Amino acid sequence: MTTLTDRYVYAALRALPEQQRPDIERELRGSIADAVDARLEAGEPEEQAERAVLTELGDPVRLAAEYVDRPLYLLGPDVFLDWWRLLKVLLAVVLPTVVFAVVLANLIAGTPAGGIVGTAIGIALSVAVHLVFWTTLVFALVERTAPEKRGLAPWTLERLPQMPTAKGRLADVIATTVFAVIAVGALVWQQFSSVFTDDSGAPIPLFEPALWSFWLPYFAVLILAEIPIAVAAWCTGRYTTRLAWINVAQNVLFAVPALWLLFTERLFAAAFFEALGQPGLDDARSPLVAVITAVTLGIVVWDCVDGFLKVRRTGPVRAEAV
Amino acid sequence: MDDDLLSGHLQELRRGTVVLACLALLRRPGYGYALLESLDQAGFPVEANTLYPLLRRLEKQKLLESVWNTDESRPRKFYVTSPDGERLLRALLEDWNSLTTAISTLREGNEQ
């Protein structure tokens, strides 16, 4: 007849390497029998004594793991931070790249807007799951096989992050200025020197030329207005809540008229898309319009949030630290 | 004070003393269950599921030696402190003594 002890020992041994089993089994059985005997001598009924002893020993698989020093966790503290850092980098780099490539490929293939969004979300999810799974699997194997693992690369002082100083925001000023000049330059360039020309050799602009009466200069001024904001943040040495709200206002002032012009089919010059061989791509229901809308909203929301994140990151730090 | 908090810290403080007690008691050969009992009597209560794997670990680290005794009806694995174990035990005891000194200095300093 199988006893509870037999089942317990079987469960524990099953989780042990073959060559260690006979010795541990002999000792474990002996120890259990000793403990049961002690309880019998104290006057406990046999069945109750066995139950009490085995219950005290606890989960047999846990006991077996203790015997062979096997970790009872997926990732230990030695590798956890490396796992977390690598995962963040992978997700931040690979996900946007894949989504961008998928959207671009579908756009070229002429998939309708809804289909593109669905495909992009589906692929993003599956890529994220794969990234997390395989990274975790590799790290779990490292955890179980590498004998010395004080982190994959030893931590040094060089790995300390930079303090958010005015120096950092000087880079912001330069980036903002370069972006603004390029954006406004491109706006002017597409009017006078487009990639397409009409029969008479005149350039076909991307944006509706009639918009030069007001909207295009308006956008140009808004883009250039980013520069004084960045300069102000650099001069005061911190990005204030007020600057963050001004940033939000700029985004709204830019995005709302731009999307409105886009939806009313007044933003792009129809002739440009005819020359491109894709007439009707500026139609309000075309996938291009959906993608532009999604990307614009994404950038606007992120830029607004980023403004407040900057306030929080740099809040108490003064520029004098440089 | 919170009971869990107290027992957690006490456990932390006592961790490691079980190894010291095992090495000291096993200067005279002993087997699993008997050692569990004598540890308990000596004031080092320890769970069976902690002690048995610990004995294996100490044996693997060559701090304990073992031999099977099959003279009686129930075969038992007897452990005894090895020369290496003896050296470790002496080092641990020395450290314990200097800790005791350090702690009493600490208390005298506070009482003044």
# chains A, B, ... in the order shown; residues from 1 in each chain; ligands from 1

$ residues_around --residues "Pro83 in chain B" --least-positions-apart "4" --cutoff "12 Å" --atoms "only C-alpha atoms" --output "compact mmCIF listing (two decimals) with all heavy atoms, in the first residue's frame"
# COMPACT_ATOMS: atom_id res chain seq x y z
N LEU B 23 27.95 23.09 13.47
CA LEU B 23 29.36 22.71 13.47
C LEU B 23 29.83 22.37 14.88
O LEU B 23 30.62 21.44 15.08
CB LEU B 23 30.21 23.86 12.88
CG LEU B 23 30.02 24.13 11.39
CD1 LEU B 23 30.79 25.37 10.97
CD2 LEU B 23 30.45 22.93 10.56
N LEU B 26 28.15 18.99 16.00
CA LEU B 26 28.57 17.83 15.22
C LEU B 26 30.05 17.50 15.41
O LEU B 26 30.61 16.70 14.66
CB LEU B 26 28.23 18.02 13.74
CG LEU B 26 26.73 17.92 13.45
CD1 LEU B 26 26.44 18.25 12.00
CD2 LEU B 26 26.19 16.53 13.79
N ARG B 27 30.67 18.12 16.39
CA ARG B 27 32.00 17.62 16.76
C ARG B 27 31.84 16.18 17.22
O ARG B 27 32.73 15.36 17.06
CB ARG B 27 32.58 18.47 17.89
CG ARG B 27 33.13 19.81 17.40
CD ARG B 27 33.34 20.73 18.55
NE ARG B 27 34.26 21.79 18.21
CZ ARG B 27 34.43 22.86 18.97
NH1 ARG B 27 33.75 23.00 20.08
NH2 ARG B 27 35.29 23.78 18.62
N GLN B 61 30.27 21.63 0.93
CA GLN B 61 31.34 22.62 1.14
C GLN B 61 32.50 22.01 1.94
O GLN B 61 33.40 22.74 2.35
CB GLN B 61 30.78 23.85 1.87
CG GLN B 61 29.79 24.64 1.05
CD GLN B 61 29.08 25.72 1.85
OE1 GLN B 61 29.10 25.72 3.08
NE2 GLN B 61 28.43 26.64 1.15
N LYS B 62 32.44 20.72 2.18
CA LYS B 62 33.49 19.97 2.89
C LYS B 62 33.68 20.46 4.33
O LYS B 62 34.77 20.35 4.90
CB LYS B 62 34.82 20.06 2.14
CG LYS B 62 34.75 19.67 0.67
CD LYS B 62 35.75 18.58 0.34
CE LYS B 62 35.77 18.23 -1.13
NZ LYS B 62 34.46 17.93 -1.72
N LEU B 63 32.64 21.02 4.92
CA LEU B 63 32.71 21.44 6.31
C LEU B 63 32.22 20.32 7.22
O LEU B 63 32.52 20.29 8.40
CB LEU B 63 31.85 22.70 6.53
CG LEU B 63 32.28 23.90 5.67
CD1 LEU B 63 31.24 25.00 5.71
CD2 LEU B 63 33.63 24.43 6.14
N LEU B 64 31.44 19.41 6.63
CA LEU B 64 30.98 18.22 7.34
C LEU B 64 31.41 16.99 6.55
O LEU B 64 31.53 17.05 5.33
CB LEU B 64 29.44 18.22 7.47
CG LEU B 64 28.78 19.30 8.32
CD1 LEU B 64 27.26 19.12 8.26
CD2 LEU B 64 29.26 19.23 9.76
N GLU B 65 31.64 15.91 7.27
CA GLU B 65 31.85 14.62 6.61
C GLU B 65 30.68 13.74 7.02
O GLU B 65 30.06 13.95 8.06
CB GLU B 65 33.18 14.01 7.07
CG GLU B 65 34.38 14.70 6.43
CD GLU B 65 35.66 14.49 7.21
OE1 GLU B 65 35.61 13.79 8.25
OE2 GLU B 65 36.70 15.03 6.80
N ARG B 87 37.90 24.56 11.55
CA ARG B 87 38.55 25.86 11.36
C ARG B 87 37.50 26.96 11.20
O ARG B 87 37.61 28.04 11.79
CB ARG B 87 39.47 25.82 10.13
CG ARG B 87 40.91 25.37 10.45
CD ARG B 87 41.82 25.62 9.27
NE ARG B 87 41.54 24.70 8.16
CZ ARG B 87 41.98 23.43 8.12
NH1 ARG B 87 42.70 22.93 9.11
NH2 ARG B 87 41.68 22.66 7.11
N LEU B 88 36.49 26.67 10.38
CA LEU B 88 35.43 27.66 10.19
C LEU B 88 34.74 27.96 11.51
O LEU B 88 34.47 29.13 11.84
CB LEU B 88 34.40 27.17 9.16
CG LEU B 88 33.25 28.17 8.93
CD1 LEU B 88 33.73 29.36 8.13
CD2 LEU B 88 32.07 27.51 8.26
N LEU B 89 34.46 26.90 12.28
CA LEU B 89 33.79 27.08 13.56
C LEU B 89 34.60 28.02 14.46
O LEU B 89 34.04 28.94 15.06
CB LEU B 89 33.61 25.72 14.25
CG LEU B 89 33.02 25.78 15.67
CD1 LEU B 89 31.65 26.41 15.66
CD2 LEU B 89 32.95 24.38 16.27
N ARG B 90 35.93 27.80 14.50
CA ARG B 90 36.76 28.66 15.36
C ARG B 90 36.71 30.11 14.88
O ARG B 90 36.60 31.04 15.68
CB ARG B 90 38.19 28.13 15.41
CG ARG B 90 38.44 27.37 16.72
CD ARG B 90 39.85 26.85 16.78
NE ARG B 90 39.91 25.50 16.24
CZ ARG B 90 40.97 25.01 15.57
NH1 ARG B 90 42.02 25.76 15.34
NH2 ARG B 90 40.94 23.77 15.15

$ residues_around --residues "Arg70 in chain A" --least-positions-apart "3" --cutoff "12 Å" --atoms "only C-alpha atoms" --output "JSON, numbers by chain"
{"A": [15, 16, 17, 61, 62, 63, 64, 65, 66, 67, 73, 74, 76, 143, 144, 145], "B": [53, 57]}

$ closest_residue --among "A:Leu40, A:Ala35, A:Leu141, A:Leu86" --to "Thr5 in chain A" --atoms "only C-alpha atoms"
A:Ala35

$ select_by_dssp --residues "range 10-158 of chain A" --states "alpha helix (DSSP H)" --output "PyMOL selection string"
chain A and resi 10-14+21-41+46-57+60-67+77-109+113-145

$ residues_around --residues "Val9 in chain A" --least-positions-apart "3" --cutoff "8 Å" --atoms "only C-alpha atoms" --output "VMD selection string"
chain A and resid 5 to 6 12 to 13 25 28 to 29 60

$ write_last_selection --atoms "N, CA and C atoms" --output "PDB file, in the first residue's frame"
ATOM      1  N   THR A   5       3.787   9.099   3.090  1.00  0.00           N
ATOM      2  CA  THR A   5       5.239   9.296   3.045  1.00  0.00           C
ATOM      3  C   THR A   5       5.791   8.904   1.681  1.00  0.00           C
ATOM      4  N   ASP A   6       5.312   7.750   1.140  1.00  0.00           N
ATOM      5  CA  ASP A   6       5.769   7.335  -0.187  1.00  0.00           C
ATOM      6  C   ASP A   6       5.495   8.421  -1.216  1.00  0.00           C
ATOM      7  N   ALA A  12       9.201  14.695  -3.924  1.00  0.00           N
ATOM      8  CA  ALA A  12      10.444  15.438  -3.688  1.00  0.00           C
ATOM      9  C   ALA A  12      11.556  14.927  -4.613  1.00  0.00           C
ATOM     10  N   LEU A  13      11.681  13.606  -4.732  1.00  0.00           N
ATOM     11  CA  LEU A  13      12.776  13.034  -5.520  1.00  0.00           C
ATOM     12  C   LEU A  13      12.636  13.341  -6.995  1.00  0.00           C
ATOM     13  N   GLU A  25      16.883  10.014  -0.657  1.00  0.00           N
ATOM     14  CA  GLU A  25      15.687   9.243  -0.312  1.00  0.00           C
ATOM     15  C   GLU A  25      15.884   8.486   1.011  1.00  0.00           C
ATOM     16  N   LEU A  28      15.967  11.027   3.856  1.00  0.00           N
ATOM     17  CA  LEU A  28      14.674  11.679   4.071  1.00  0.00           C
ATOM     18  C   LEU A  28      13.685  10.717   4.729  1.00  0.00           C
ATOM     19  N   ARG A  29      13.661   9.468   4.224  1.00  0.00           N
ATOM     20  CA  ARG A  29      12.768   8.469   4.823  1.00  0.00           C
ATOM     21  C   ARG A  29      13.119   8.239   6.286  1.00  0.00           C
ATOM     22  N   PRO A  60       7.030  19.479  -1.023  1.00  0.00           N
ATOM     23  CA  PRO A  60       8.199  18.643  -1.338  1.00  0.00           C
ATOM     24  C   PRO A  60       9.084  19.228  -2.443  1.00  0.00           C
TER      25      PRO A  60
END

$ interface_residues --of "chain B" --to "chain A" --cutoff "10 Å" --atoms "only C-alpha atoms" --output "PDB file with C-alpha atoms, in the first residue's frame"
ATOM      1  CA  TYR B  31      22.150  12.327  12.349  1.00  0.00           C
ATOM      2  CA  GLY B  32      19.391  14.546  11.024  1.00  0.00           C
ATOM      3  CA  TYR B  33      16.502  14.101  13.435  1.00  0.00           C
ATOM      4  CA  ALA B  34      18.686  13.774  16.571  1.00  0.00           C
ATOM      5  CA  LEU B  36      17.167  18.727  15.141  1.00  0.00           C
ATOM      6  CA  GLU B  37      16.280  17.761  18.715  1.00  0.00           C
ATOM      7  CA  GLU B  47      12.747  23.854  10.980  1.00  0.00           C
ATOM      8  CA  ALA B  48      13.397  20.343   9.656  1.00  0.00           C
ATOM      9  CA  ASN B  49      13.041  21.571   6.076  1.00  0.00           C
ATOM     10  CA  THR B  50      15.801  24.119   6.724  1.00  0.00           C
ATOM     11  CA  LEU B  51      18.177  21.825   8.599  1.00  0.00           C
ATOM     12  CA  TYR B  52      18.249  18.816   6.263  1.00  0.00           C
ATOM     13  CA  PRO B  53      19.185  20.771   3.123  1.00  0.00           C
ATOM     14  CA  LEU B  54      21.644  22.820   5.228  1.00  0.00           C
ATOM     15  CA  LEU B  55      23.486  19.633   6.286  1.00  0.00           C
ATOM     16  CA  ARG B  56      23.825  18.675   2.613  1.00  0.00           C
ATOM     17  CA  ARG B  57      25.174  22.111   1.734  1.00  0.00           C
ATOM     18  CA  TRP B  68      26.135   5.755   6.691  1.00  0.00           C
ATOM     19  CA  ARG B  74      17.003   2.026  10.455  1.00  0.00           C
ATOM     20  CA  PRO B  75      20.043   3.153   8.419  1.00  0.00           C
ATOM     21  CA  ARG B  76      21.145   6.657   9.380  1.00  0.00           C
ATOM     22  CA  LYS B  77      23.469   9.162   7.803  1.00  0.00           C
ATOM     23  CA  PHE B  78      25.846  10.428  10.482  1.00  0.00           C
TER      24      PHE B  78
END

$ closest_residue --among "B:Ser98, B:Asn69, B:Gln41, B:Thr105" --to "Ala21 in chain B" --atoms "only C-alpha atoms"
B:Gln41

$ residues_around --residues "range 116-129 of chain A" --least-positions-apart "6" --cutoff "9 Å" --atoms "only C-alpha atoms" --output "list of chain:residue names"
A:Leu91, A:Val94, A:Leu95, A:Pro96, A:Val98, A:Val99, A:Phe100, A:Val102, A:Val103, A:Asn106, A:Leu107, A:Pro287, A:Val291

$ atom_distance --atom1 "CA of Trp215 in chain A" --atom2 "CA of Arg285 in chain A"
22.4 Å

$ atom_distance --atom1 "CA of Gln191 in chain A" --atom2 "CA of Trp212 in chain A"
9.6 Å

$ residues_around --residues "Ala180 in chain A" --least-positions-apart "6" --cutoff "9 Å" --atoms "only C-alpha atoms" --output "JSON, numbers by chain"
{"A": [220, 223, 224, 225, 226, 227]}

$ write_last_selection --atoms "C-alpha atoms" --output "compact mmCIF listing (two decimals), in the first residue's frame"
# COMPACT_ATOMS: atom_id res chain seq x y z
CA ALA A 220 5.71 79.17 -40.08
CA ILE A 223 7.10 76.84 -35.68
CA LEU A 224 9.61 79.67 -35.27
CA ALA A 225 7.96 80.63 -31.95
CA GLU A 226 9.31 77.37 -30.52
CA ILE A 227 12.77 78.93 -30.52

$ select_by_dssp --residues "chain B" --states "strand (DSSP E)" --output "number ranges by chain"
B: 30-31, 64-69, 76-81

$ residues_around --residues "Gly307 in chain A" --least-positions-apart "4" --cutoff "7 Å" --atoms "only C-alpha atoms" --output "ChimeraX atom specification"
/A:244,247,303,311

$ decode --residues "range 28-40 of chain B" --atoms "all heavy atoms" --output "mmCIF file, in the first residue's frame"
data_model
loop_
_atom_site.group_PDB
_atom_site.id
_atom_site.type_symbol
_atom_site.label_atom_id
_atom_site.label_comp_id
_atom_site.auth_asym_id
_atom_site.auth_seq_id
_atom_site.Cartn_x
_atom_site.Cartn_y
_atom_site.Cartn_z
ATOM 1 N N ARG B 28 30.676 15.893 17.827
ATOM 2 C CA ARG B 28 30.301 14.501 18.093
ATOM 3 C C ARG B 28 29.321 14.090 17.002
ATOM 4 O O ARG B 28 28.346 14.803 16.765
ATOM 5 C CB ARG B 28 29.614 14.381 19.464
ATOM 6 C CG ARG B 28 30.530 14.638 20.649
ATOM 7 C CD ARG B 28 30.358 13.549 21.722
ATOM 8 N NE ARG B 28 28.946 13.326 22.021
ATOM 9 C CZ ARG B 28 28.299 13.953 23.022
ATOM 10 N NH1 ARG B 28 28.929 14.813 23.792
ATOM 11 N NH2 ARG B 28 27.042 13.694 23.259
ATOM 12 N N PRO B 29 29.594 12.966 16.292
ATOM 13 C CA PRO B 29 28.750 12.584 15.155
ATOM 14 C C PRO B 29 27.268 12.549 15.518
ATOM 15 O O PRO B 29 26.909 12.151 16.643
ATOM 16 C CB PRO B 29 29.259 11.180 14.801
ATOM 17 C CG PRO B 29 30.636 11.120 15.353
ATOM 18 C CD PRO B 29 30.669 11.999 16.549
ATOM 19 N N GLY B 30 26.436 12.992 14.578
ATOM 20 C CA GLY B 30 24.998 12.985 14.808
ATOM 21 C C GLY B 30 24.247 12.862 13.499
ATOM 22 O O GLY B 30 24.811 13.107 12.436
ATOM 23 N N TYR B 31 22.969 12.456 13.557
ATOM 24 C CA TYR B 31 22.150 12.327 12.349
ATOM 25 C C TYR B 31 21.004 13.328 12.401
ATOM 26 O O TYR B 31 20.713 13.914 13.453
ATOM 27 C CB TYR B 31 21.652 10.894 12.183
ATOM 28 C CG TYR B 31 20.776 10.416 13.313
ATOM 29 C CD1 TYR B 31 19.385 10.547 13.255
ATOM 30 C CD2 TYR B 31 21.349 9.832 14.450
ATOM 31 C CE1 TYR B 31 18.587 10.123 14.291
ATOM 32 C CE2 TYR B 31 20.546 9.406 15.498
ATOM 33 C CZ TYR B 31 19.158 9.563 15.409
ATOM 34 O OH TYR B 31 18.373 9.147 16.446
ATOM 35 N N GLY B 32 20.390 13.507 11.235
ATOM 36 C CA GLY B 32 19.391 14.546 11.024
ATOM 37 C C GLY B 32 18.425 14.824 12.160
ATOM 38 O O GLY B 32 18.468 15.884 12.781
ATOM 39 N N TYR B 33 17.563 13.816 12.465
ATOM 40 C CA TYR B 33 16.502 14.101 13.435
ATOM 41 C C TYR B 33 17.063 14.373 14.833
ATOM 42 O O TYR B 33 16.609 15.287 15.526
ATOM 43 C CB TYR B 33 15.492 12.950 13.484
ATOM 44 C CG TYR B 33 14.321 13.287 14.377
ATOM 45 C CD1 TYR B 33 13.334 14.169 13.940
ATOM 46 C CD2 TYR B 33 14.230 12.773 15.672
ATOM 47 C CE1 TYR B 33 12.281 14.517 14.757
ATOM 48 C CE2 TYR B 33 13.175 13.131 16.497
ATOM 49 C CZ TYR B 33 12.206 13.996 16.029
ATOM 50 O OH TYR B 33 11.180 14.350 16.849
ATOM 51 N N ALA B 34 18.095 13.585 15.235
ATOM 52 C CA ALA B 34 18.686 13.774 16.571
ATOM 53 C C ALA B 34 19.284 15.174 16.687
ATOM 54 O O ALA B 34 19.152 15.846 17.714
ATOM 55 C CB ALA B 34 19.758 12.724 16.817
ATOM 56 N N LEU B 35 19.906 15.628 15.597
ATOM 57 C CA LEU B 35 20.510 16.968 15.603
ATOM 58 C C LEU B 35 19.426 18.034 15.747
ATOM 59 O O LEU B 35 19.602 19.029 16.469
ATOM 60 C CB LEU B 35 21.309 17.178 14.310
ATOM 61 C CG LEU B 35 22.049 18.510 14.213
ATOM 62 C CD1 LEU B 35 23.118 18.614 15.283
ATOM 63 C CD2 LEU B 35 22.675 18.674 12.842
ATOM 64 N N LEU B 36 18.299 17.797 15.053
ATOM 65 C CA LEU B 36 17.167 18.727 15.141
ATOM 66 C C LEU B 36 16.745 18.900 16.606
ATOM 67 O O LEU B 36 16.530 20.016 17.088
ATOM 68 C CB LEU B 36 16.012 18.159 14.315
ATOM 69 C CG LEU B 36 14.854 19.082 13.930
ATOM 70 C CD1 LEU B 36 15.349 20.147 12.977
ATOM 71 C CD2 LEU B 36 13.744 18.277 13.295
ATOM 72 N N GLU B 37 16.666 17.748 17.298
ATOM 73 C CA GLU B 37 16.280 17.761 18.715
ATOM 74 C C GLU B 37 17.317 18.499 19.561
ATOM 75 O O GLU B 37 16.985 19.355 20.376
ATOM 76 C CB GLU B 37 16.155 16.320 19.228
ATOM 77 C CG GLU B 37 15.065 15.529 18.537
ATOM 78 C CD GLU B 37 13.719 15.733 19.205
ATOM 79 O OE1 GLU B 37 13.042 16.740 18.872
ATOM 80 O OE2 GLU B 37 13.357 14.904 20.055
ATOM 81 N N SER B 38 18.612 18.143 19.356
ATOM 82 C CA SER B 38 19.622 18.749 20.228
ATOM 83 C C SER B 38 19.767 20.249 19.946
ATOM 84 O O SER B 38 20.027 21.029 20.857
ATOM 85 C CB SER B 38 20.966 18.025 20.138
ATOM 86 O OG SER B 38 21.153 17.430 18.895
ATOM 87 N N LEU B 39 19.579 20.651 18.691
ATOM 88 C CA LEU B 39 19.608 22.089 18.382
ATOM 89 C C LEU B 39 18.504 22.797 19.154
ATOM 90 O O LEU B 39 18.693 23.869 19.730
ATOM 91 C CB LEU B 39 19.424 22.331 16.881
ATOM 92 C CG LEU B 39 20.657 22.191 15.989
ATOM 93 C CD1 LEU B 39 20.252 22.237 14.526
ATOM 94 C CD2 LEU B 39 21.650 23.301 16.277
ATOM 95 N N ASP B 40 17.318 22.176 19.151
ATOM 96 C CA ASP B 40 16.165 22.740 19.840
ATOM 97 C C ASP B 40 16.467 22.901 21.336
ATOM 98 O O ASP B 40 16.225 23.956 21.919
ATOM 99 C CB ASP B 40 14.966 21.818 19.616
ATOM 100 C CG ASP B 40 13.658 22.572 19.777
ATOM 101 O OD1 ASP B 40 13.589 23.708 19.262
ATOM 102 O OD2 ASP B 40 12.747 22.028 20.430
#
